[in-house]
file model-v4.pdb (PDB, C-alpha atoms and all ligand atoms)
MODEL        1
ATOM      1  CA  MET P 258     101.115 103.856 111.905  1.00  0.00           C
ATOM      2  CA  GLU P 259     102.721 105.499 114.854  1.00  0.00           C
ATOM      3  CA  GLU P 260     102.780 102.228 116.785  1.00  0.00           C
ATOM      4  CA  ILE P 261     104.418 100.394 113.908  1.00  0.00           C
ATOM      5  CA  VAL P 262     107.058 103.088 113.456  1.00  0.00           C
ATOM      6  CA  GLU P 263     107.812 103.131 117.191  1.00  0.00           C
ATOM      7  CA  VAL P 264     108.424  99.397 117.210  1.00  0.00           C
ATOM      8  CA  LEU P 265     110.658  99.623 114.143  1.00  0.00           C
ATOM      9  CA  VAL P 266     112.650 102.547 115.575  1.00  0.00           C
ATOM     10  CA  ASP P 267     113.241 100.664 118.828  1.00  0.00           C
ATOM     11  CA  THR P 268     114.271  97.560 116.905  1.00  0.00           C
ATOM     12  CA  LEU P 269     116.728  99.509 114.765  1.00  0.00           C
ATOM     13  CA  LEU P 270     118.196 101.378 117.741  1.00  0.00           C
ATOM     14  CA  ALA P 271     118.751  98.087 119.545  1.00  0.00           C
ATOM     15  CA  GLY P 272     120.662  96.711 116.562  1.00  0.00           C
ATOM     16  CA  PRO P 273     124.460  96.687 116.191  1.00  0.00           C
ATOM     17  CA  GLU P 274     124.489  99.266 113.367  1.00  0.00           C
ATOM     18  CA  TYR P 275     123.174 102.047 115.563  1.00  0.00           C
ATOM     19  CA  GLN P 276     125.194 101.550 118.727  1.00  0.00           C
ATOM     20  CA  THR P 277     126.763 104.997 118.434  1.00  0.00           C
ATOM     21  CA  PHE P 278     123.443 106.750 118.019  1.00  0.00           C
ATOM     22  CA  CYS P 279     121.937 108.630 120.936  1.00  0.00           C
ATOM     23  CA  LYS P 280     119.122 106.605 122.416  1.00  0.00           C
ATOM     24  CA  CYS P 281     117.682 109.126 124.824  1.00  0.00           C
ATOM     25  CA  LYS P 282     113.945 109.573 124.844  1.00  0.00           C
ATOM     26  CA  LYS P 283     114.128 112.910 123.062  1.00  0.00           C
ATOM     27  CA  CYS P 284     116.164 111.654 120.117  1.00  0.00           C
ATOM     28  CA  ARG P 285     114.098 108.494 119.882  1.00  0.00           C
ATOM     29  CA  ASN P 286     110.878 110.546 119.796  1.00  0.00           C
ATOM     30  CA  ASP P 287     112.411 112.892 117.232  1.00  0.00           C
ATOM     31  CA  VAL P 288     113.229 109.929 115.015  1.00  0.00           C
ATOM     32  CA  VAL P 289     109.660 108.648 115.335  1.00  0.00           C
ATOM     33  CA  ALA P 290     108.212 112.099 114.561  1.00  0.00           C
ATOM     34  CA  LEU P 291     110.536 112.695 111.632  1.00  0.00           C
ATOM     35  CA  SER P 292     109.821 109.259 110.196  1.00  0.00           C
ATOM     36  CA  LEU P 293     106.096 109.858 110.459  1.00  0.00           C
ATOM     37  CA  ASN P 294     106.521 113.113 108.529  1.00  0.00           C
ATOM     38  CA  ASN P 295     107.827 111.067 105.620  1.00  0.00           C
ATOM     39  CA  ILE P 296     105.162 108.394 105.771  1.00  0.00           C
ATOM     40  CA  PRO P 297     101.555 108.881 104.702  1.00  0.00           C
ATOM     41  CA  PRO P 298      99.272 108.465 107.719  1.00  0.00           C
ATOM     42  CA  GLN P 299      97.141 105.376 108.037  1.00  0.00           C
ATOM     43  CA  TYR P 300      94.169 105.948 110.234  1.00  0.00           C
ATOM     44  CA  ALA P 301      92.731 102.797 111.692  1.00  0.00           C
ATOM     45  CA  THR P 302      89.330 103.497 113.152  1.00  0.00           C
ATOM     46  CA  THR P 303      88.159  99.940 113.627  1.00  0.00           C
ATOM     47  CA  GLN P 304      89.839  96.785 114.797  1.00  0.00           C
ATOM     48  CA  GLN P 305      89.438  95.376 111.306  1.00  0.00           C
ATOM     49  CA  ASN P 306      91.149  98.380 109.736  1.00  0.00           C
ATOM     50  CA  ARG P 307      93.883  98.109 112.287  1.00  0.00           C
ATOM     51  CA  GLU P 308      94.633  94.555 111.305  1.00  0.00           C
ATOM     52  CA  ARG P 309      94.626  95.518 107.636  1.00  0.00           C
ATOM     53  CA  VAL P 310      97.171  98.274 108.224  1.00  0.00           C
ATOM     54  CA  TYR P 311      99.386  95.932 110.228  1.00  0.00           C
ATOM     55  CA  GLU P 312      99.155  93.334 107.518  1.00  0.00           C
ATOM     56  CA  LEU P 313     100.015  95.858 104.821  1.00  0.00           C
ATOM     57  CA  TYR P 314     103.097  97.080 106.663  1.00  0.00           C
ATOM     58  CA  SER P 315     104.213  93.567 107.519  1.00  0.00           C
ATOM     59  CA  LYS P 316     104.863  92.828 103.868  1.00  0.00           C
ATOM     60  CA  PRO P 317     108.616  92.667 103.169  1.00  0.00           C
ATOM     61  CA  ASP P 318     108.462  95.420 100.535  1.00  0.00           C
ATOM     62  CA  MET P 319     106.623  97.770 102.846  1.00  0.00           C
ATOM     63  CA  ARG P 320     108.989  96.948 105.695  1.00  0.00           C
ATOM     64  CA  LYS P 321     111.938  97.799 103.506  1.00  0.00           C
ATOM     65  CA  TRP P 322     110.294 101.042 102.447  1.00  0.00           C
ATOM     66  CA  LEU P 323     109.502 101.967 106.045  1.00  0.00           C
ATOM     67  CA  ASN P 324     112.951 101.072 107.318  1.00  0.00           C
ATOM     68  CA  LYS P 325     114.533 103.232 104.627  1.00  0.00           C
ATOM     69  CA  ARG P 326     112.563 106.238 105.830  1.00  0.00           C
ATOM     70  CA  ILE P 327     113.306 105.518 109.476  1.00  0.00           C
ATOM     71  CA  ILE P 328     117.014 105.072 108.801  1.00  0.00           C
ATOM     72  CA  SER P 329     117.223 108.424 107.040  1.00  0.00           C
ATOM     73  CA  ALA P 330     115.420 110.008 110.014  1.00  0.00           C
ATOM     74  CA  LEU P 331     117.913 108.316 112.369  1.00  0.00           C
ATOM     75  CA  HIS P 332     120.813 109.884 110.512  1.00  0.00           C
ATOM     76  CA  VAL P 333     119.249 113.348 110.522  1.00  0.00           C
ATOM     77  CA  VAL P 334     118.571 113.241 114.278  1.00  0.00           C
ATOM     78  CA  ASN P 335     122.023 111.821 114.978  1.00  0.00           C
ATOM     79  CA  LYS P 336     123.650 114.607 113.006  1.00  0.00           C
ATOM     80  CA  TYR P 337     121.550 117.396 114.425  1.00  0.00           C
ATOM     81  CA  PRO P 338     120.398 116.367 117.904  1.00  0.00           C
ATOM     82  CA  LYS P 339     118.088 118.934 119.464  1.00  0.00           C
ATOM     83  CA  HIS P 340     119.696 118.626 122.877  1.00  0.00           C
ATOM     84  CA  ASN P 341     123.159 119.542 124.127  1.00  0.00           C
ATOM     85  CA  ILE P 342     125.425 116.677 125.009  1.00  0.00           C
TER      86      ILE P 342
HETATM   87 ZN    ZN P 401     119.621 112.231 122.582  1.00  0.00          ZN
ENDMDL
END
call {"tool": "encode", "arguments": {"input": "model-v4.pdb", "output": "structure tokens"}}
result
Amino acid sequence: MEEIVEVLVDTLLAGPEYQTFCKCKKCRNDVVALSLNNIPPQYATTQQNRERVYELYSKPDMRKWLNKRIISALHVVNKYPKHNI
């Protein structure tokens, strides 16, 4: 789950909509952590499970659902960054 969220966060941050957002490591990690708080964990203990989880979260509906949670986390971190500028 964490790996999937990290990839999605990086993809979103690289996109044109989030150019003004802070992309430092701290904010990026905060976004990942905050997103994961809003997403039920998926533990993949075997390679087979791993592939199943990936497959599940590759479905367009799940992607949309995940992105929605990540985007709300992005806005929270952007509004209240933990570091001083
Ligand atoms: Zn930052």
call {"tool": "residues_near_ligand", "arguments": {"input": "model-v4.pdb", "ligand": "ligand ZN 401 (chain P)", "cutoff": "12 Å", "atoms": "only C-alpha atoms and all ligand atoms", "output": "PDB file with C-alpha atoms, in the frame of the given file"}}
result
ATOM      1  CA  LEU P 270     118.196 101.378 117.741  1.00  0.00           C
ATOM      2  CA  THR P 277     126.763 104.997 118.434  1.00  0.00           C
ATOM      3  CA  PHE P 278     123.443 106.750 118.019  1.00  0.00           C
ATOM      4  CA  CYS P 279     121.937 108.630 120.936  1.00  0.00           C
ATOM      5  CA  LYS P 280     119.122 106.605 122.416  1.00  0.00           C
ATOM      6  CA  CYS P 281     117.682 109.126 124.824  1.00  0.00           C
ATOM      7  CA  LYS P 282     113.945 109.573 124.844  1.00  0.00           C
ATOM      8  CA  LYS P 283     114.128 112.910 123.062  1.00  0.00           C
ATOM      9  CA  CYS P 284     116.164 111.654 120.117  1.00  0.00           C
ATOM     10  CA  ARG P 285     114.098 108.494 119.882  1.00  0.00           C
ATOM     11  CA  ASN P 286     110.878 110.546 119.796  1.00  0.00           C
ATOM     12  CA  ASP P 287     112.411 112.892 117.232  1.00  0.00           C
ATOM     13  CA  VAL P 288     113.229 109.929 115.015  1.00  0.00           C
ATOM     14  CA  LEU P 331     117.913 108.316 112.369  1.00  0.00           C
ATOM     15  CA  VAL P 334     118.571 113.241 114.278  1.00  0.00           C
ATOM     16  CA  ASN P 335     122.023 111.821 114.978  1.00  0.00           C
ATOM     17  CA  LYS P 336     123.650 114.607 113.006  1.00  0.00           C
ATOM     18  CA  TYR P 337     121.550 117.396 114.425  1.00  0.00           C
ATOM     19  CA  PRO P 338     120.398 116.367 117.904  1.00  0.00           C
ATOM     20  CA  LYS P 339     118.088 118.934 119.464  1.00  0.00           C
ATOM     21  CA  HIS P 340     119.696 118.626 122.877  1.00  0.00           C
ATOM     22  CA  ASN P 341     123.159 119.542 124.127  1.00  0.00           C
ATOM     23  CA  ILE P 342     125.425 116.677 125.009  1.00  0.00           C
TER      24      ILE P 342
END
call {"tool": "resolve_selection", "arguments": {"input": "model-v4.pdb", "expression": "the PyMOL selection byres (((chain P and resi 330) around 10) and not hetatm)", "output": "JSON, numbers by chain"}}
result
{"P": [266, 287, 288, 289, 290, 291, 292, 293, 294, 295, 324, 325, 326, 327, 328, 329, 331, 332, 333, 334, 335, 336]}
call {"tool": "closest_residue", "arguments": {"input": "model-v4.pdb", "among": "P:Leu323, P:Ile261, P:Ile296, P:Leu269", "to": "Tyr311 (chain P)", "atoms": "only C-alpha atoms"}}
result
P:Ile261
call {"tool": "atom_distance", "arguments": {"input": "model-v4.pdb", "atom1": "CA of Met258 (chain P)", "atom2": "CA of Tyr300 (chain P)"}}
result
7.4 Å
call {"tool": "atom_distance", "arguments": {"input": "model-v4.pdb", "atom1": "CA of Pro273 (chain P)", "atom2": "CA of Pro297 (chain P)"}}
result
28.4 Å
call {"tool": "atom_distance", "arguments": {"input": "model-v4.pdb", "atom1": "CA of Lys321 (chain P)", "atom2": "CA of Arg309 (chain P)"}}
result
17.9 Å
call {"tool": "residues_around", "arguments": {"input": "model-v4.pdb", "residues": "Ala301 (chain P)", "least_positions_apart": "4", "cutoff": "8 Å", "atoms": "all atoms listed in the file", "output": "NGL selection string"}}
result
:P and (306-307 or 310)
call {"tool": "build_atoms", "arguments": {"input": "model-v4.pdb", "residues": "region 286-308 of chain P", "atoms": "N, CA, C and O atoms", "output": "mmCIF file, keeping the file's coordinate frame"}}
result
data_model
loop_
_atom_site.group_PDB
_atom_site.id
_atom_site.type_symbol
_atom_site.label_atom_id
_atom_site.label_comp_id
_atom_site.auth_asym_id
_atom_site.auth_seq_id
_atom_site.Cartn_x
_atom_site.Cartn_y
_atom_site.Cartn_z
ATOM 1 N N ASN P 286 112.162 109.959 120.187
ATOM 2 C CA ASN P 286 110.878 110.546 119.796
ATOM 3 C C ASN P 286 111.019 111.412 118.554
ATOM 4 O O ASN P 286 110.105 111.473 117.738
ATOM 5 N N ASP P 287 112.167 112.092 118.428
ATOM 6 C CA ASP P 287 112.411 112.892 117.232
ATOM 7 C C ASP P 287 112.477 112.010 115.995
ATOM 8 O O ASP P 287 111.968 112.375 114.937
ATOM 9 N N VAL P 288 113.118 110.862 116.140
ATOM 10 C CA VAL P 288 113.229 109.929 115.015
ATOM 11 C C VAL P 288 111.834 109.446 114.623
ATOM 12 O O VAL P 288 111.488 109.415 113.438
ATOM 13 N N VAL P 289 111.031 109.110 115.612
ATOM 14 C CA VAL P 289 109.660 108.648 115.335
ATOM 15 C C VAL P 289 108.878 109.753 114.625
ATOM 16 O O VAL P 289 108.251 109.519 113.588
ATOM 17 N N ALA P 290 108.955 110.979 115.145
ATOM 18 C CA ALA P 290 108.212 112.099 114.561
ATOM 19 C C ALA P 290 108.668 112.389 113.139
ATOM 20 O O ALA P 290 107.845 112.585 112.237
ATOM 21 N N LEU P 291 109.974 112.408 112.951
ATOM 22 C CA LEU P 291 110.536 112.695 111.632
ATOM 23 C C LEU P 291 110.173 111.605 110.625
ATOM 24 O O LEU P 291 109.858 111.890 109.473
ATOM 25 N N SER P 292 110.203 110.374 111.071
ATOM 26 C CA SER P 292 109.821 109.259 110.196
ATOM 27 C C SER P 292 108.366 109.397 109.774
ATOM 28 O O SER P 292 108.021 109.217 108.604
ATOM 29 N N LEU P 293 107.526 109.738 110.743
ATOM 30 C CA LEU P 293 106.096 109.858 110.459
ATOM 31 C C LEU P 293 105.813 110.991 109.481
ATOM 32 O O LEU P 293 104.855 110.926 108.711
ATOM 33 N N ASN P 294 106.671 112.018 109.490
ATOM 34 C CA ASN P 294 106.521 113.113 108.529
ATOM 35 C C ASN P 294 106.728 112.635 107.104
ATOM 36 O O ASN P 294 106.227 113.233 106.161
ATOM 37 N N ASN P 295 107.498 111.579 106.949
ATOM 38 C CA ASN P 295 107.827 111.067 105.620
ATOM 39 C C ASN P 295 106.972 109.888 105.206
ATOM 40 O O ASN P 295 107.219 109.263 104.197
ATOM 41 N N ILE P 296 106.001 109.561 106.028
ATOM 42 C CA ILE P 296 105.162 108.394 105.771
ATOM 43 C C ILE P 296 103.709 108.842 105.752
ATOM 44 O O ILE P 296 103.276 109.539 106.663
ATOM 45 N N PRO P 297 102.966 108.482 104.706
ATOM 46 C CA PRO P 297 101.555 108.881 104.702
ATOM 47 C C PRO P 297 100.817 108.250 105.874
ATOM 48 O O PRO P 297 101.030 107.078 106.180
ATOM 49 N N PRO P 298 99.973 109.007 106.548
ATOM 50 C CA PRO P 298 99.272 108.465 107.719
ATOM 51 C C PRO P 298 98.275 107.382 107.346
ATOM 52 O O PRO P 298 97.692 107.417 106.270
ATOM 53 N N GLN P 299 98.131 106.440 108.219
ATOM 54 C CA GLN P 299 97.141 105.376 108.037
ATOM 55 C C GLN P 299 96.252 105.404 109.271
ATOM 56 O O GLN P 299 96.676 105.041 110.340
ATOM 57 N N TYR P 300 95.054 105.888 109.090
ATOM 58 C CA TYR P 300 94.169 105.948 110.234
ATOM 59 C C TYR P 300 93.363 104.662 110.346
ATOM 60 O O TYR P 300 92.679 104.269 109.412
ATOM 61 N N ALA P 301 93.480 104.022 111.458
ATOM 62 C CA ALA P 301 92.731 102.797 111.692
ATOM 63 C C ALA P 301 91.663 103.093 112.727
ATOM 64 O O ALA P 301 91.949 103.323 113.893
ATOM 65 N N THR P 302 90.417 103.126 112.250
ATOM 66 C CA THR P 302 89.330 103.497 113.152
ATOM 67 C C THR P 302 88.659 102.286 113.767
ATOM 68 O O THR P 302 88.065 102.369 114.819
ATOM 69 N N THR P 303 88.765 101.155 113.090
ATOM 70 C CA THR P 303 88.159 99.940 113.627
ATOM 71 C C THR P 303 89.229 98.879 113.799
ATOM 72 O O THR P 303 90.322 98.977 113.230
ATOM 73 N N GLN P 304 88.901 97.884 114.568
ATOM 74 C CA GLN P 304 89.839 96.785 114.797
ATOM 75 C C GLN P 304 90.200 96.113 113.479
ATOM 76 O O GLN P 304 91.349 95.769 113.236
ATOM 77 N N GLN P 305 89.216 96.015 112.598
ATOM 78 C CA GLN P 305 89.438 95.376 111.306
ATOM 79 C C GLN P 305 90.428 96.185 110.472
ATOM 80 O O GLN P 305 91.348 95.635 109.864
ATOM 81 N N ASN P 306 90.231 97.499 110.451
ATOM 82 C CA ASN P 306 91.149 98.380 109.736
ATOM 83 C C ASN P 306 92.550 98.267 110.285
ATOM 84 O O ASN P 306 93.526 98.287 109.561
ATOM 85 N N ARG P 307 92.628 98.220 111.582
ATOM 86 C CA ARG P 307 93.883 98.109 112.287
ATOM 87 C C ARG P 307 94.674 96.894 111.819
ATOM 88 O O ARG P 307 95.853 96.996 111.518
ATOM 89 N N GLU P 308 93.980 95.786 111.742
ATOM 90 C CA GLU P 308 94.633 94.555 111.305
ATOM 91 C C GLU P 308 95.081 94.656 109.847
ATOM 92 O O GLU P 308 96.135 94.156 109.485
#
